[in-house]
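Structure file run_6.cif (mmCIF, C-alpha atoms and all ligand atoms; chains and numbers go by the auth columns) is printed below.
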```cif
data_run
#
loop_
_atom_site.group_PDB
_atom_site.id
_atom_site.type_symbol
_atom_site.label_atom_id
_atom_site.label_comp_id
_atom_site.label_asym_id
_atom_site.label_seq_id
_atom_site.Cartn_x
_atom_site.Cartn_y
_atom_site.Cartn_z
_atom_site.B_iso_or_equiv
_atom_site.auth_seq_id
_atom_site.auth_asym_id
ATOM 1 C CA MET A 1 87.060 88.431 112.118 0.00 257 W
ATOM 2 C CA ILE A 2 85.826 90.532 109.229 0.00 258 W
ATOM 3 C CA SER A 3 82.358 91.852 109.828 0.00 259 W
ATOM 4 C CA ILE A 4 80.934 92.776 106.450 0.00 260 W
ATOM 5 C CA ASP A 5 78.298 94.992 108.062 0.00 261 W
ATOM 6 C CA SER A 6 80.809 97.042 109.986 0.00 262 W
ATOM 7 C CA VAL A 7 83.071 97.504 106.940 0.00 263 W
ATOM 8 C CA SER A 8 80.217 98.763 104.822 0.00 264 W
ATOM 9 C CA SER A 9 78.912 101.065 107.540 0.00 265 W
ATOM 10 C CA LEU A 10 82.418 102.484 107.997 0.00 266 W
ATOM 11 C CA GLN A 11 82.623 103.073 104.251 0.00 267 W
ATOM 12 C CA GLU A 12 79.183 104.666 104.277 0.00 268 W
ATOM 13 C CA SER A 13 79.979 107.072 107.095 0.00 269 W
ATOM 14 C CA LEU A 14 83.303 108.077 105.509 0.00 270 W
ATOM 15 C CA HIS A 15 81.577 108.562 102.165 0.00 271 W
ATOM 16 C CA HIS A 16 79.188 111.057 103.775 0.00 272 W
ATOM 17 C CA GLN A 17 82.233 113.041 104.860 0.00 273 W
ATOM 18 C CA GLY A 18 83.691 112.995 101.355 0.00 274 W
ATOM 19 C CA VAL A 19 86.371 110.501 102.334 0.00 275 W
ATOM 20 C CA ARG A 20 87.325 107.329 100.465 0.00 276 W
ATOM 21 C CA LEU A 21 88.145 104.160 102.399 0.00 277 W
ATOM 22 C CA ILE A 22 91.196 102.213 101.252 0.00 278 W
ATOM 23 C CA ALA A 23 91.307 98.726 102.760 0.00 279 W
ATOM 24 C CA VAL A 24 94.964 97.945 103.419 0.00 280 W
ATOM 25 C CA SER A 25 95.262 94.269 102.546 0.00 281 W
ATOM 26 C CA LYS A 26 99.017 93.644 102.899 0.00 282 W
ATOM 27 C CA THR A 27 99.780 90.105 104.173 0.00 283 W
ATOM 28 C CA LYS A 28 96.102 89.144 103.724 0.00 284 W
ATOM 29 C CA THR A 29 95.000 86.392 101.349 0.00 285 W
ATOM 30 C CA ALA A 30 92.957 86.749 98.170 0.00 286 W
ATOM 31 C CA GLU A 31 90.067 85.026 99.976 0.00 287 W
ATOM 32 C CA GLU A 32 90.117 87.564 102.797 0.00 288 W
ATOM 33 C CA ILE A 33 90.235 90.402 100.296 0.00 289 W
ATOM 34 C CA LEU A 34 87.263 88.949 98.409 0.00 290 W
ATOM 35 C CA GLN A 35 85.159 89.008 101.587 0.00 291 W
ATOM 36 C CA VAL A 36 85.805 92.702 101.959 0.00 292 W
ATOM 37 C CA TYR A 37 85.296 93.228 98.215 0.00 293 W
ATOM 38 C CA HIS A 38 81.833 91.675 98.531 0.00 294 W
ATOM 39 C CA SER A 39 80.937 94.249 101.180 0.00 295 W
ATOM 40 C CA GLY A 40 81.295 96.868 98.447 0.00 296 W
ATOM 41 C CA ILE A 41 84.891 98.049 98.918 0.00 297 W
ATOM 42 C CA ARG A 42 86.806 98.586 95.665 0.00 298 W
ATOM 43 C CA ASP A 43 89.934 100.395 96.889 0.00 299 W
ATOM 44 C CA PHE A 44 92.723 98.214 98.280 0.00 300 W
ATOM 45 C CA GLY A 45 96.186 99.225 99.452 0.00 301 W
ATOM 46 C CA GLU A 46 99.402 97.193 99.344 0.00 302 W
ATOM 47 C CA ASN A 47 102.961 98.050 100.275 0.00 303 W
ATOM 48 C CA LYS A 48 104.896 95.431 98.296 0.00 304 W
ATOM 49 C CA VAL A 49 105.114 95.308 94.519 0.00 305 W
ATOM 50 C CA GLN A 50 105.246 91.526 94.141 0.00 306 W
ATOM 51 C CA GLU A 51 102.316 90.969 96.487 0.00 307 W
ATOM 52 C CA MET A 52 100.194 93.590 94.739 0.00 308 W
ATOM 53 C CA ARG A 53 100.968 92.106 91.333 0.00 309 W
ATOM 54 C CA GLU A 54 99.994 88.577 92.423 0.00 310 W
ATOM 55 C CA LYS A 55 96.741 89.763 93.972 0.00 311 W
ATOM 56 C CA TYR A 56 95.935 91.895 90.936 0.00 312 W
ATOM 57 C CA GLU A 57 96.226 88.811 88.748 0.00 313 W
ATOM 58 C CA LYS A 58 93.938 86.710 90.953 0.00 314 W
ATOM 59 C CA LEU A 59 91.257 89.220 91.924 0.00 315 W
ATOM 60 C CA PRO A 60 88.434 91.080 90.127 0.00 316 W
ATOM 61 C CA ARG A 61 89.539 93.692 87.611 0.00 317 W
ATOM 62 C CA ASP A 62 87.423 96.515 89.004 0.00 318 W
ATOM 63 C CA ILE A 63 89.598 96.725 92.124 0.00 319 W
ATOM 64 C CA ARG A 64 91.527 100.008 92.377 0.00 320 W
ATOM 65 C CA TRP A 65 95.017 99.161 93.623 0.00 321 W
ATOM 66 C CA HIS A 66 96.834 101.747 95.742 0.00 322 W
ATOM 67 C CA MET A 67 100.601 101.487 96.269 0.00 323 W
ATOM 68 C CA ILE A 68 101.174 102.842 99.776 0.00 324 W
ATOM 69 C CA GLY A 69 104.638 101.499 100.600 0.00 325 W
ATOM 70 C CA HIS A 70 108.139 102.631 99.754 0.00 326 W
ATOM 71 C CA LEU A 71 108.660 101.954 96.049 0.00 327 W
ATOM 72 C CA GLN A 72 111.958 101.211 94.315 0.00 328 W
ATOM 73 C CA SER A 73 112.428 102.530 90.791 0.00 329 W
ATOM 74 C CA ASN A 74 113.412 99.140 89.379 0.00 330 W
ATOM 75 C CA LYS A 75 110.077 97.637 90.470 0.00 331 W
ATOM 76 C CA VAL A 76 107.734 100.232 88.991 0.00 332 W
ATOM 77 C CA LYS A 77 107.391 98.230 85.788 0.00 333 W
ATOM 78 C CA TYR A 78 105.487 95.427 87.560 0.00 334 W
ATOM 79 C CA ILE A 79 102.604 97.660 88.650 0.00 335 W
ATOM 80 C CA ALA A 80 102.639 100.332 85.912 0.00 336 W
ATOM 81 C CA PRO A 81 100.013 98.599 83.734 0.00 337 W
ATOM 82 C CA PHE A 82 97.283 98.697 86.377 0.00 338 W
ATOM 83 C CA VAL A 83 98.106 100.691 89.544 0.00 339 W
ATOM 84 C CA HIS A 84 95.374 103.243 90.397 0.00 340 W
ATOM 85 C CA LEU A 85 97.286 105.652 92.649 0.00 341 W
ATOM 86 C CA ILE A 86 100.844 105.665 93.988 0.00 342 W
ATOM 87 C CA HIS A 87 100.828 107.329 97.434 0.00 343 W
ATOM 88 C CA SER A 88 104.508 107.073 98.220 0.00 344 W
ATOM 89 C CA VAL A 89 106.470 109.099 95.676 0.00 345 W
ATOM 90 C CA ASP A 90 109.553 110.396 97.479 0.00 346 W
ATOM 91 C CA SER A 91 112.056 111.284 94.744 0.00 347 W
ATOM 92 C CA LEU A 92 112.308 112.764 91.272 0.00 348 W
ATOM 93 C CA LYS A 93 114.194 109.660 90.179 0.00 349 W
ATOM 94 C CA LEU A 94 111.256 107.441 91.155 0.00 350 W
ATOM 95 C CA LEU A 95 108.744 109.781 89.539 0.00 351 W
ATOM 96 C CA THR A 96 110.761 109.874 86.312 0.00 352 W
ATOM 97 C CA GLU A 97 110.669 106.078 86.164 0.00 353 W
ATOM 98 C CA ILE A 98 106.914 105.999 86.857 0.00 354 W
ATOM 99 C CA ASN A 99 106.481 108.466 83.988 0.00 355 W
ATOM 100 C CA ARG A 100 108.610 106.309 81.668 0.00 356 W
ATOM 101 C CA GLN A 101 106.682 103.133 82.491 0.00 357 W
ATOM 102 C CA ALA A 102 103.323 104.905 82.234 0.00 358 W
ATOM 103 C CA ALA A 103 104.265 106.142 78.751 0.00 359 W
ATOM 104 C CA LYS A 104 105.106 102.578 77.697 0.00 360 W
ATOM 105 C CA HIS A 105 101.583 101.543 78.621 0.00 361 W
ATOM 106 C CA GLN A 106 100.032 104.710 77.168 0.00 362 W
ATOM 107 C CA ARG A 107 98.730 105.671 80.592 0.00 363 W
ATOM 108 C CA VAL A 108 98.784 108.666 82.864 0.00 364 W
ATOM 109 C CA ILE A 109 99.511 107.412 86.382 0.00 365 W
ATOM 110 C CA ASP A 110 98.158 109.396 89.345 0.00 366 W
ATOM 111 C CA TYR A 111 100.449 109.910 92.326 0.00 367 W
ATOM 112 C CA LEU A 112 100.836 111.642 95.681 0.00 368 W
ATOM 113 C CA LEU A 113 104.018 113.080 97.081 0.00 369 W
ATOM 114 C CA GLN A 114 104.845 111.652 100.494 0.00 370 W
ATOM 115 C CA LEU A 115 105.399 114.446 102.996 0.00 371 W
ATOM 116 C CA TYR A 116 107.586 113.628 105.977 0.00 372 W
ATOM 117 C CA ILE A 117 105.839 114.840 109.158 0.00 373 W
ATOM 118 C CA ALA A 118 106.734 112.226 111.792 0.00 374 W
ATOM 119 C CA LYS A 119 109.411 112.347 114.445 0.00 375 W
ATOM 120 C CA GLU A 120 110.679 108.932 113.379 0.00 376 W
ATOM 121 C CA GLU A 121 113.806 108.160 111.386 0.00 377 W
ATOM 122 C CA THR A 122 112.210 105.038 109.971 0.00 378 W
ATOM 123 C CA LYS A 123 109.583 106.799 107.896 0.00 379 W
ATOM 124 C CA PHE A 124 110.117 107.813 104.281 0.00 380 W
ATOM 125 C CA GLY A 125 109.122 111.053 102.625 0.00 381 W
ATOM 126 C CA LEU A 126 110.159 114.517 101.497 0.00 382 W
ATOM 127 C CA SER A 127 110.360 117.753 103.468 0.00 383 W
ATOM 128 C CA GLU A 128 108.261 120.765 102.451 0.00 384 W
ATOM 129 C CA GLU A 129 111.374 122.397 100.978 0.00 385 W
ATOM 130 C CA GLU A 130 112.184 119.303 98.937 0.00 386 W
ATOM 131 C CA ILE A 131 108.648 119.145 97.563 0.00 387 W
ATOM 132 C CA VAL A 132 108.677 122.808 96.547 0.00 388 W
ATOM 133 C CA ALA A 133 112.073 122.341 94.877 0.00 389 W
ATOM 134 C CA LEU A 134 110.809 119.270 93.017 0.00 390 W
ATOM 135 C CA LEU A 135 107.717 121.091 91.742 0.00 391 W
ATOM 136 C CA ASN A 136 109.807 124.019 90.532 0.00 392 W
ATOM 137 C CA SER A 137 112.328 121.871 88.689 0.00 393 W
ATOM 138 C CA ALA A 138 112.562 121.790 84.908 0.00 394 W
ATOM 139 C CA GLU A 139 112.720 117.974 85.031 0.00 395 W
ATOM 140 C CA TRP A 140 109.333 117.753 86.745 0.00 396 W
ATOM 141 C CA LYS A 141 107.587 120.000 84.223 0.00 397 W
ATOM 142 C CA VAL A 142 108.207 117.614 81.314 0.00 398 W
ATOM 143 C CA LEU A 143 106.689 114.507 82.942 0.00 399 W
ATOM 144 C CA ASN A 144 103.528 114.169 80.869 0.00 400 W
ATOM 145 C CA ASN A 145 102.477 110.645 81.834 0.00 401 W
ATOM 146 C CA VAL A 146 102.036 111.271 85.554 0.00 402 W
ATOM 147 C CA ARG A 147 99.530 113.472 87.339 0.00 403 W
ATOM 148 C CA LEU A 148 100.009 114.944 90.811 0.00 404 W
ATOM 149 C CA ARG A 149 96.840 114.410 92.878 0.00 405 W
ATOM 150 C CA GLY A 150 98.009 115.602 96.315 0.00 406 W
ATOM 151 C CA LEU A 151 99.958 114.518 99.375 0.00 407 W
ATOM 152 C CA MET A 152 100.348 111.484 101.599 0.00 408 W
ATOM 153 C CA ALA A 153 101.575 111.707 105.175 0.00 409 W
ATOM 154 C CA MET A 154 102.070 109.346 108.121 0.00 410 W
ATOM 155 C CA ALA A 155 102.014 110.593 111.683 0.00 411 W
ATOM 156 C CA THR A 156 104.344 109.362 114.392 0.00 412 W
ATOM 157 C CA ASN A 157 103.308 106.069 115.924 0.00 413 W
ATOM 158 C CA THR A 158 102.468 107.399 119.388 0.00 414 W
ATOM 159 C CA ASP A 159 99.673 107.567 121.969 0.00 415 W
ATOM 160 C CA ASP A 160 100.183 111.323 122.205 0.00 416 W
ATOM 161 C CA THR A 161 97.143 112.551 120.275 0.00 417 W
ATOM 162 C CA HIS A 162 98.300 116.173 120.513 0.00 418 W
ATOM 163 C CA GLN A 163 101.443 115.305 118.619 0.00 419 W
ATOM 164 C CA ILE A 164 99.452 113.458 115.944 0.00 420 W
ATOM 165 C CA GLU A 165 97.133 116.480 115.666 0.00 421 W
ATOM 166 C CA ARG A 166 100.096 118.821 115.241 0.00 422 W
ATOM 167 C CA GLU A 167 101.563 116.631 112.511 0.00 423 W
ATOM 168 C CA PHE A 168 98.293 116.258 110.581 0.00 424 W
ATOM 169 C CA SER A 169 97.715 119.987 110.917 0.00 425 W
ATOM 170 C CA VAL A 170 101.126 120.707 109.366 0.00 426 W
ATOM 171 C CA ALA A 171 100.263 118.417 106.442 0.00 427 W
ATOM 172 C CA GLN A 172 96.846 120.039 105.970 0.00 428 W
ATOM 173 C CA GLN A 173 98.297 123.551 105.880 0.00 429 W
ATOM 174 C CA PHE A 174 101.005 122.578 103.435 0.00 430 W
ATOM 175 C CA PHE A 175 98.400 120.808 101.280 0.00 431 W
ATOM 176 C CA HIS A 176 96.363 124.026 101.000 0.00 432 W
ATOM 177 C CA LYS A 177 99.431 126.109 100.277 0.00 433 W
ATOM 178 C CA LEU A 178 100.512 123.810 97.439 0.00 434 W
ATOM 179 C CA LYS A 179 96.999 123.564 96.090 0.00 435 W
ATOM 180 C CA LYS A 180 96.813 127.337 95.781 0.00 436 W
ATOM 181 C CA GLN A 181 100.178 127.535 94.112 0.00 437 W
ATOM 182 C CA PHE A 182 100.174 124.553 91.762 0.00 438 W
ATOM 183 C CA ASP A 183 96.612 123.430 91.060 0.00 439 W
ATOM 184 C CA GLN A 184 95.359 124.155 87.550 0.00 440 W
ATOM 185 C CA GLU A 185 98.933 124.905 86.548 0.00 441 W
ATOM 186 C CA SER A 186 98.810 122.207 83.900 0.00 442 W
ATOM 187 C CA ALA A 187 97.201 118.916 82.972 0.00 443 W
ATOM 188 C CA GLN A 188 99.842 117.268 85.178 0.00 444 W
ATOM 189 C CA VAL A 189 98.221 118.544 88.371 0.00 445 W
ATOM 190 C CA LYS A 190 94.790 117.942 89.845 0.00 446 W
ATOM 191 C CA PHE A 191 95.378 118.606 93.489 0.00 447 W
ATOM 192 C CA THR A 192 92.467 117.117 95.415 0.00 448 W
ATOM 193 C CA GLU A 193 93.710 114.265 97.622 0.00 449 W
ATOM 194 C CA LEU A 194 95.184 114.170 101.100 0.00 450 W
ATOM 195 C CA SER A 195 96.006 110.625 102.220 0.00 451 W
ATOM 196 C CA MET A 196 96.271 110.558 106.027 0.00 452 W
ATOM 197 C CA GLY A 197 95.065 108.257 108.749 0.00 453 W
ATOM 198 C CA MET A 198 95.318 104.554 109.521 0.00 454 W
ATOM 199 C CA SER A 199 93.418 102.314 111.986 0.00 455 W
ATOM 200 C CA SER A 200 94.820 104.034 115.063 0.00 456 W
ATOM 201 C CA ASP A 201 94.595 107.662 113.948 0.00 457 W
ATOM 202 C CA TYR A 202 92.059 108.047 111.124 0.00 458 W
ATOM 203 C CA THR A 203 89.489 109.741 113.378 0.00 459 W
ATOM 204 C CA ILE A 204 92.090 112.451 114.041 0.00 460 W
ATOM 205 C CA ALA A 205 92.940 112.676 110.331 0.00 461 W
ATOM 206 C CA LEU A 206 89.250 113.335 109.575 0.00 462 W
ATOM 207 C CA LYS A 207 89.498 116.560 111.588 0.00 463 W
ATOM 208 C CA TYR A 208 92.390 117.707 109.406 0.00 464 W
ATOM 209 C CA GLY A 209 90.876 117.316 105.985 0.00 465 W
ATOM 210 C CA THR A 210 91.958 113.860 104.909 0.00 466 W
ATOM 211 C CA THR A 211 90.271 112.566 101.732 0.00 467 W
ATOM 212 C CA LEU A 212 91.751 109.038 101.693 0.00 468 W
ATOM 213 C CA VAL A 213 92.114 106.885 104.795 0.00 469 W
ATOM 214 C CA ARG A 214 94.289 103.758 104.688 0.00 470 W
ATOM 215 C CA ILE A 215 92.832 101.214 107.091 0.00 471 W
ATOM 216 C CA GLY A 216 94.201 97.718 107.580 0.00 472 W
ATOM 217 C CA SER A 217 93.952 96.013 110.962 0.00 473 W
ATOM 218 C CA LEU A 218 90.607 97.567 111.866 0.00 474 W
ATOM 219 C CA ILE A 219 89.083 95.814 108.841 0.00 475 W
ATOM 220 C CA PHE A 220 91.126 92.628 108.502 0.00 476 W
ATOM 221 C CA GLY A 221 92.277 92.083 112.080 0.00 477 W
ATOM 222 C CA ALA A 222 95.908 92.074 113.216 0.00 478 W
ATOM 223 C CA ARG A 223 98.566 91.134 110.688 0.00 479 W
ATOM 224 C CA ASP A 224 100.651 87.992 111.102 0.00 480 W
ATOM 225 C CA TYR A 225 104.004 88.615 109.439 0.00 481 W
ATOM 226 C CA LEU A 226 105.208 85.102 110.153 0.00 482 W
ATOM 227 C CA LYS A 227 102.743 83.405 107.820 0.00 483 W
HETATM 228 C C1 LIG B . 100.067 99.121 106.899 0.00 1 Q
HETATM 229 C C2 LIG B . 99.798 100.510 106.491 0.00 1 Q
HETATM 230 C C3 LIG B . 98.575 101.138 106.796 0.00 1 Q
HETATM 231 C C4 LIG B . 97.466 100.460 107.587 0.00 1 Q
HETATM 232 O O1 LIG B . 97.821 100.267 108.910 0.00 1 Q
HETATM 233 P P1 LIG B . 96.735 99.764 110.009 0.00 1 Q
HETATM 234 O O2 LIG B . 97.333 100.199 111.279 0.00 1 Q
HETATM 235 O O3 LIG B . 96.673 98.292 109.862 0.00 1 Q
HETATM 236 O O4 LIG B . 95.463 100.411 109.689 0.00 1 Q
HETATM 237 C C5 LIG B . 98.380 102.431 106.362 0.00 1 Q
HETATM 238 N N1 LIG B . 99.323 103.088 105.669 0.00 1 Q
HETATM 239 C C6 LIG B . 100.507 102.530 105.358 0.00 1 Q
HETATM 240 C C7 LIG B . 101.499 103.311 104.580 0.00 1 Q
HETATM 241 C C8 LIG B . 100.795 101.228 105.762 0.00 1 Q
HETATM 242 O O5 LIG B . 101.971 100.685 105.445 0.00 1 Q
#
```

What would the structure in this file look like if it were written as structure tokens?
Ligand SMILES: *Cc1c(COP(=O)(O)O)cnc(C)c1O
Amino acid sequence: MISIDSVSSLQESLHHQGVRLIAVSKTKTAEEILQVYHSGIRDFGENKVQEMREKYEKLPRDIRWHMIGHLQSNKVKYIAPFVHLIHSVDSLKLLTEINRQAAKHQRVIDYLLQLYIAKEETKFGLSEEEIVALLNSAEWKVLNNVRLRGLMAMATNTDDTHQIEREFSVAQQFFHKLKKQFDQESAQVKFTELSMGMSSDYTIALKYGTTLVRIGSLIFGARDYLK
């Protein structure tokens, strides 16, 4: 199921394009993750706090754990000691709690703001206006234990590639606009990352400047949620 050669050649080809491969390992076992780890991958993505925490405890310490799923404020404490990058920040309340937990552990936690681009009610994220308002708020300016690294966005789950292109293009343009406006503003911003693209649409995301692709089923095979 997992071909080590194909995972490492995918990583290699993305690396040449300046893109980091995050292997999305949700629902997969520690053993399956280790196989992919041994092919040289060090970035893994999870969408549930408890699952990430359990895998963190079992697996090698040089893994960089990415939180890619919707995160509740009351669960931040379980991942604050070790999480590498939180992709899914969608409120000031959540960010304030991440900052508080990071301070407890004397860390600065990197995060992305999740931009809502899809035509689907089920997806989380902030509008462009909400992001601009957040970044201009007095509350945001005093969060010294978090660092804004860029944006995350998920396209609509559709076969219409033109629609996916339009959505990724919107995210790319907004990314550049924010970068111009907010990068270098303070130590709390280092705006370099655009997290877009999953198994079905990462080749499109590459055309629109993604720097982090989040790939699950293409690496691990289909997920079985009944296990
Ligand atoms: C599950 C998931 C992915 C990976 O999806 P695949 O289709 O398996 O590649 C990427 N991003 C997020 C936010 C996810 O929840």

Which residue of W:Met454, W:Leu270, W:Ala279, W:Leu341 approaches ligand LIG 1 (chain Q) most closely, using only C-alpha atoms and all ligand atoms: W:Met454

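Nearest residue to ligand LIG 1 (chain Q), choosing from W:Asn413, W:Asn355, W:Ser455, W:Thr466 and counting all atoms listed in the file: W:Ser455.
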
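Picture a line from atom C3 of ligand LIG 1 (chain Q) to CA of Lys284 in chain W; it runs 12.6 Å.
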
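Interatomic distance, CA of Gly296 in chain W against CA of Ile365 in chain W: 24.3 Å.
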
For this file, the PyMOL selection byres (((chain W and resi 311) around 12) and not hetatm) selects which residues, as a PDB file with C-alpha atoms, in the coordinates of the input?
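See result.pdb below for the written result:
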```
ATOM      1  CA  SER W 281      95.262  94.269 102.546  1.00  0.00           C
ATOM      2  CA  LYS W 282      99.017  93.644 102.899  1.00  0.00           C
ATOM      3  CA  THR W 283      99.780  90.105 104.173  1.00  0.00           C
ATOM      4  CA  LYS W 284      96.102  89.144 103.724  1.00  0.00           C
ATOM      5  CA  THR W 285      95.000  86.392 101.349  1.00  0.00           C
ATOM      6  CA  ALA W 286      92.957  86.749  98.170  1.00  0.00           C
ATOM      7  CA  GLU W 287      90.067  85.026  99.976  1.00  0.00           C
ATOM      8  CA  GLU W 288      90.117  87.564 102.797  1.00  0.00           C
ATOM      9  CA  ILE W 289      90.235  90.402 100.296  1.00  0.00           C
ATOM     10  CA  LEU W 290      87.263  88.949  98.409  1.00  0.00           C
ATOM     11  CA  PHE W 300      92.723  98.214  98.280  1.00  0.00           C
ATOM     12  CA  GLY W 301      96.186  99.225  99.452  1.00  0.00           C
ATOM     13  CA  GLU W 302      99.402  97.193  99.344  1.00  0.00           C
ATOM     14  CA  LYS W 304     104.896  95.431  98.296  1.00  0.00           C
ATOM     15  CA  VAL W 305     105.114  95.308  94.519  1.00  0.00           C
ATOM     16  CA  GLN W 306     105.246  91.526  94.141  1.00  0.00           C
ATOM     17  CA  GLU W 307     102.316  90.969  96.487  1.00  0.00           C
ATOM     18  CA  MET W 308     100.194  93.590  94.739  1.00  0.00           C
ATOM     19  CA  ARG W 309     100.968  92.106  91.333  1.00  0.00           C
ATOM     20  CA  GLU W 310      99.994  88.577  92.423  1.00  0.00           C
ATOM     21  CA  TYR W 312      95.935  91.895  90.936  1.00  0.00           C
ATOM     22  CA  GLU W 313      96.226  88.811  88.748  1.00  0.00           C
ATOM     23  CA  LYS W 314      93.938  86.710  90.953  1.00  0.00           C
ATOM     24  CA  LEU W 315      91.257  89.220  91.924  1.00  0.00           C
ATOM     25  CA  PRO W 316      88.434  91.080  90.127  1.00  0.00           C
ATOM     26  CA  ARG W 317      89.539  93.692  87.611  1.00  0.00           C
ATOM     27  CA  ILE W 319      89.598  96.725  92.124  1.00  0.00           C
ATOM     28  CA  ARG W 320      91.527 100.008  92.377  1.00  0.00           C
ATOM     29  CA  TRP W 321      95.017  99.161  93.623  1.00  0.00           C
ATOM     30  CA  ILE W 335     102.604  97.660  88.650  1.00  0.00           C
ATOM     31  CA  PHE W 338      97.283  98.697  86.377  1.00  0.00           C
ATOM     32  CA  VAL W 339      98.106 100.691  89.544  1.00  0.00           C
TER      33      VAL W 339
END
```

Please, which residues in chain W fall within 6 Å of ligand LIG 1 (chain Q) when counting all atoms listed in the file, and what is the closest atom pair and distance in Å to one decimal for each, ordered by chain then residue number, as JSON lines?
```
{"residue": "W:Val280", "atom": "CA", "partner": "Q:LIG1", "partner_atom": "C4", "distance": 5.5}
{"residue": "W:Asn303", "atom": "CA", "partner": "Q:LIG1", "partner_atom": "O5", "distance": 5.9}
{"residue": "W:Ile324", "atom": "CA", "partner": "Q:LIG1", "partner_atom": "C7", "distance": 4.8}
{"residue": "W:Gly325", "atom": "CA", "partner": "Q:LIG1", "partner_atom": "C7", "distance": 5.4}
{"residue": "W:Met454", "atom": "CA", "partner": "Q:LIG1", "partner_atom": "O4", "distance": 4.1}
{"residue": "W:Ser455", "atom": "CA", "partner": "Q:LIG1", "partner_atom": "O4", "distance": 3.6}
{"residue": "W:Ser456", "atom": "CA", "partner": "Q:LIG1", "partner_atom": "O2", "distance": 5.9}
{"residue": "W:Arg470", "atom": "CA", "partner": "Q:LIG1", "partner_atom": "C5", "distance": 4.6}
{"residue": "W:Ile471", "atom": "CA", "partner": "Q:LIG1", "partner_atom": "O4", "distance": 3.8}
{"residue": "W:Gly472", "atom": "CA", "partner": "Q:LIG1", "partner_atom": "O3", "distance": 3.4}
{"residue": "W:Ser473", "atom": "CA", "partner": "Q:LIG1", "partner_atom": "O3", "distance": 3.7}
```

If you keep C-alpha atoms, can you produce a file of those selected residues as an mmCIF file, in the coordinates of the input?
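Saved as selection-v5.cif:
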```
data_model
loop_
_atom_site.group_PDB
_atom_site.id
_atom_site.type_symbol
_atom_site.label_atom_id
_atom_site.label_comp_id
_atom_site.auth_asym_id
_atom_site.auth_seq_id
_atom_site.Cartn_x
_atom_site.Cartn_y
_atom_site.Cartn_z
ATOM 1 C CA VAL W 280 94.964 97.945 103.419
ATOM 2 C CA ASN W 303 102.961 98.050 100.275
ATOM 3 C CA ILE W 324 101.174 102.842 99.776
ATOM 4 C CA GLY W 325 104.638 101.499 100.600
ATOM 5 C CA MET W 454 95.318 104.554 109.521
ATOM 6 C CA SER W 455 93.418 102.314 111.986
ATOM 7 C CA SER W 456 94.820 104.034 115.063
ATOM 8 C CA ARG W 470 94.289 103.758 104.688
ATOM 9 C CA ILE W 471 92.832 101.214 107.091
ATOM 10 C CA GLY W 472 94.201 97.718 107.580
ATOM 11 C CA SER W 473 93.952 96.013 110.962
#
```

Which residue is closest to Ala427 in chain W? Choose from W:Thr459, W:Arg405, W:Arg298, W:Leu371 and count all atoms listed in the file.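 Under the stated criterion, the closest residue is W:Leu371.
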
Using all atoms listed in the file, find the one residue out of W:Val263, W:Leu450, W:Ala336, W:Val275 that sits nearest to Leu368 in chain W.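 Smallest distance to Leu368 in chain W is found for W:Leu450.
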
May I ask for the distance between CA of Val426 in chain W and CA of Met410 in chain W, given in Å to one decimal place?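 Computed distance, CA of Val426 in chain W to CA of Met410 in chain W, equals 11.5 Å.
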
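Counting all atoms listed in the file and comparing W:Arg422, W:Ser262, W:His361, W:His322, the residue that lies closest to Leu474 in chain W is W:Ser262.
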
Given the file shown, determine the residues that the PyMOL selection byres (((chain W and resi 429) around 12) and not hetatm) selects; report them as a list in words. Leu371, Ile373, Glu384, Leu407, Arg422, Glu423, Phe424, Ser425, Val426, Ala427, Gln428, Phe430, Phe431, His432, Lys433, Leu434, Lys435, Lys436, Leu450, Tyr464, Gly465 and Thr466 of chain W

Measuring atom to atom with only C-alpha atoms, identify which of W:Ile387, W:Leu462, W:Asp299, W:Leu350 is nearest to Tyr372 in chain W.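 Closest candidate: W:Ile387.
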